[in-house]
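Asks: Dropping the structure in here first, questions after.
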Amino acid sequence: MSYKIYTDGASRGNPGPSGIGAVIFDEKGKVVHEIAEYIGEVTNNVAEYLALVAALDYCVKHKISPVEILADSQLLIKQLKGEYRVKHENIIPLYRQVQAFLSQLQVTGYKHVYREDNRHADKLANRGIDEHEVKN
C-alpha cells in the first residue's frame, strides 16, 4: 500500500492568523487521516512547513509509508527536492524537522500541484483558522 499526503498552510496576512491542513489518502483514494489546526500568527511559508510536519509526524507514529508528498507551495517542494536552498531563519529548523521525519519514511516523490488540485488540504487549513476565530 502507498499513500499520498496533500498539505497546505493558510495565512490571513503575512504574517497573520494561520492554519494548517493535510489529508492523507491511501492508494485507493480513501481518506486515511485529516488535519485542520490553528497555529497562531505566522507567515504563509511557515504554515506550509508546519502542515507538512504535522502530516509526517502522523505518518511516522502510525507507520504510514511509502508516501508521496504533494503541495501547492512551489517553494516547499523545490526545497524538499534540493532545487532551492533553505535560507530563511524561521524555515531552517522546520526543514530539519521535516528531514528527520522523512528519514523514517520511504518517500516515493515530491510533487507541486496547483491550488485547484489541492482544495481538500486548503479547505482544512482554512477550517483551522475559521474554527479558532469562532471560539474567540
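Simple scheme: letters A, B, ... for chains in C-alpha cells order, numbers from 1 for residues in each chain, numbers from 1 for ligands in the order shown.
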Might you pull out every residue within 6 Å of range 27-30 of chain A, with only C-alpha atoms counted and same-chain residues fewer than 2 positions away left off, and present them as a list in words?
Replies: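 Neighbouring residues, sequence-local ones excluded: Ser2, Tyr3 and Phe25 of chain A.
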Asks: Would you save the residues of that selection, restricted to all heavy atoms, as a compact mmCIF listing (two decimals), in the first residue's frame?
Replies:
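Result file follows (part01.txt):
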```
# COMPACT_ATOMS: atom_id res chain seq x y z
N SER A 2 0.53 2.22 -0.81
CA SER A 2 1.24 3.50 -0.81
C SER A 2 0.23 4.61 -0.51
O SER A 2 -0.98 4.42 -0.64
CB SER A 2 1.94 3.74 -2.14
OG SER A 2 0.99 3.81 -3.18
N TYR A 3 0.75 5.77 -0.12
CA TYR A 3 -0.09 6.86 0.35
C TYR A 3 0.33 8.17 -0.31
O TYR A 3 1.48 8.35 -0.70
CB TYR A 3 0.05 7.01 1.86
CG TYR A 3 -0.34 5.76 2.60
CD1 TYR A 3 0.59 4.75 2.84
CD2 TYR A 3 -1.64 5.56 3.05
CE1 TYR A 3 0.23 3.58 3.51
CE2 TYR A 3 -2.00 4.40 3.71
CZ TYR A 3 -1.06 3.41 3.94
OH TYR A 3 -1.41 2.27 4.59
N PHE A 25 -4.23 10.14 1.80
CA PHE A 25 -5.05 9.19 1.05
C PHE A 25 -4.29 7.88 0.88
O PHE A 25 -3.07 7.89 0.67
CB PHE A 25 -5.35 9.72 -0.36
CG PHE A 25 -6.21 10.93 -0.41
CD1 PHE A 25 -5.66 12.19 -0.59
CD2 PHE A 25 -7.59 10.82 -0.31
CE1 PHE A 25 -6.46 13.32 -0.67
CE2 PHE A 25 -8.40 11.94 -0.38
CZ PHE A 25 -7.84 13.20 -0.56
```
Asks: So that I can check the secondary structure, give me every residue of chain A assigned helix (DSSP H, G or I) by backbone DSSP, as number ranges by chain.
Replies: A: 44-61, 74-81, 92-102, 115-135
Asks: Using only C-alpha atoms, what does the table of range 78-132 of chain A residues within 7 Å of range 5-15 of chain A look like, with each row giving the shortest atom pair and its distance in Å to one decimal, sorted by chain and ascending number, as CSV?
Replies:
```
residue,atom,partner,partner_atom,distance
A:Asn118,CA,A:Tyr6,CA,6.8
A:Ala121,CA,A:Thr7,CA,5.4
A:Asp122,CA,A:Asp8,CA,5.5
A:Ala125,CA,A:Ala10,CA,5.6
A:Asn126,CA,A:Ala10,CA,6.2
```
Asks: I'd like the contact shell of range 61-75 of chain A - 7 Å cut-off, only C-alpha atoms, skipping same-chain residues fewer than 2 positions apart - returned as a ChimeraX atom specification.
Replies: /A:2-8,57-59,77-79,105-115,118
Asks: Take the residues that were just selected and, keeping N, CA and C atoms, output them as a short mmCIF file (atom, residue, chain, number, x, y, z; two decimals), in the first residue's frame.
Replies:
```cif
data_model
loop_
_atom_site.label_atom_id
_atom_site.label_comp_id
_atom_site.auth_asym_id
_atom_site.auth_seq_id
_atom_site.Cartn_x
_atom_site.Cartn_y
_atom_site.Cartn_z
N SER A 2 0.53 2.22 -0.81
CA SER A 2 1.24 3.50 -0.81
C SER A 2 0.23 4.61 -0.51
N TYR A 3 0.75 5.77 -0.12
CA TYR A 3 -0.09 6.86 0.35
C TYR A 3 0.33 8.17 -0.31
N LYS A 4 -0.64 9.09 -0.38
CA LYS A 4 -0.38 10.44 -0.87
C LYS A 4 -0.72 11.41 0.26
N ILE A 5 0.20 12.33 0.51
CA ILE A 5 -0.01 13.36 1.53
C ILE A 5 -0.15 14.70 0.81
N TYR A 6 -1.31 15.32 0.95
CA TYR A 6 -1.53 16.67 0.43
C TYR A 6 -1.50 17.61 1.63
N THR A 7 -0.71 18.69 1.53
CA THR A 7 -0.63 19.64 2.64
C THR A 7 -0.83 21.06 2.14
N ASP A 8 -1.27 21.92 3.06
CA ASP A 8 -1.41 23.34 2.75
C ASP A 8 -1.35 24.15 4.03
N ASP A 57 4.55 13.68 10.98
CA ASP A 57 4.51 13.18 12.36
C ASP A 57 3.46 12.08 12.48
N TYR A 58 2.29 12.32 11.91
CA TYR A 58 1.22 11.32 11.93
C TYR A 58 1.67 10.04 11.21
N CYS A 59 2.28 10.21 10.04
CA CYS A 59 2.71 9.04 9.27
C CYS A 59 3.74 8.21 10.02
N ILE A 77 8.18 22.48 -2.14
CA ILE A 77 8.52 21.32 -2.97
C ILE A 77 9.94 21.46 -3.53
N LYS A 78 10.29 22.63 -4.03
CA LYS A 78 11.64 22.81 -4.59
C LYS A 78 12.71 22.70 -3.51
N GLN A 79 12.41 23.14 -2.29
CA GLN A 79 13.38 22.98 -1.21
C GLN A 79 13.52 21.51 -0.83
N LEU A 105 10.74 7.43 6.85
CA LEU A 105 9.72 7.01 5.90
C LEU A 105 10.34 6.73 4.54
N GLN A 106 9.65 5.93 3.76
CA GLN A 106 10.04 5.77 2.36
C GLN A 106 9.25 6.81 1.58
N VAL A 107 9.95 7.67 0.86
CA VAL A 107 9.30 8.72 0.08
C VAL A 107 9.43 8.38 -1.40
N THR A 108 8.28 8.34 -2.07
CA THR A 108 8.29 8.00 -3.49
C THR A 108 8.40 9.22 -4.39
N GLY A 109 8.18 10.41 -3.85
CA GLY A 109 8.32 11.62 -4.65
C GLY A 109 7.75 12.84 -3.99
N TYR A 110 8.09 13.98 -4.60
CA TYR A 110 7.59 15.29 -4.18
C TYR A 110 6.98 15.92 -5.42
N LYS A 111 5.78 16.45 -5.28
CA LYS A 111 5.10 16.99 -6.46
C LYS A 111 4.42 18.31 -6.13
N HIS A 112 4.69 19.32 -6.96
CA HIS A 112 3.96 20.58 -6.87
C HIS A 112 2.64 20.40 -7.61
N VAL A 113 1.55 20.76 -6.93
CA VAL A 113 0.22 20.71 -7.55
C VAL A 113 -0.38 22.10 -7.52
N TYR A 114 -1.25 22.38 -8.45
CA TYR A 114 -1.92 23.68 -8.46
C TYR A 114 -2.99 23.73 -7.38
N ARG A 115 -3.32 24.94 -6.98
CA ARG A 115 -4.28 25.15 -5.90
C ARG A 115 -5.58 24.39 -6.12
N ASN A 118 -5.48 20.97 -4.93
CA ASN A 118 -5.16 20.84 -3.50
C ASN A 118 -6.29 21.41 -2.64
#
```
Asks: Could you tell me how far CA of Lys123 in chain A sits from CA of Glu34 in chain A, in Å to one decimal place?
Replies: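 Answer for the CA of Glu34 in chain A to CA of Lys123 in chain A separation: 10.8 Å.
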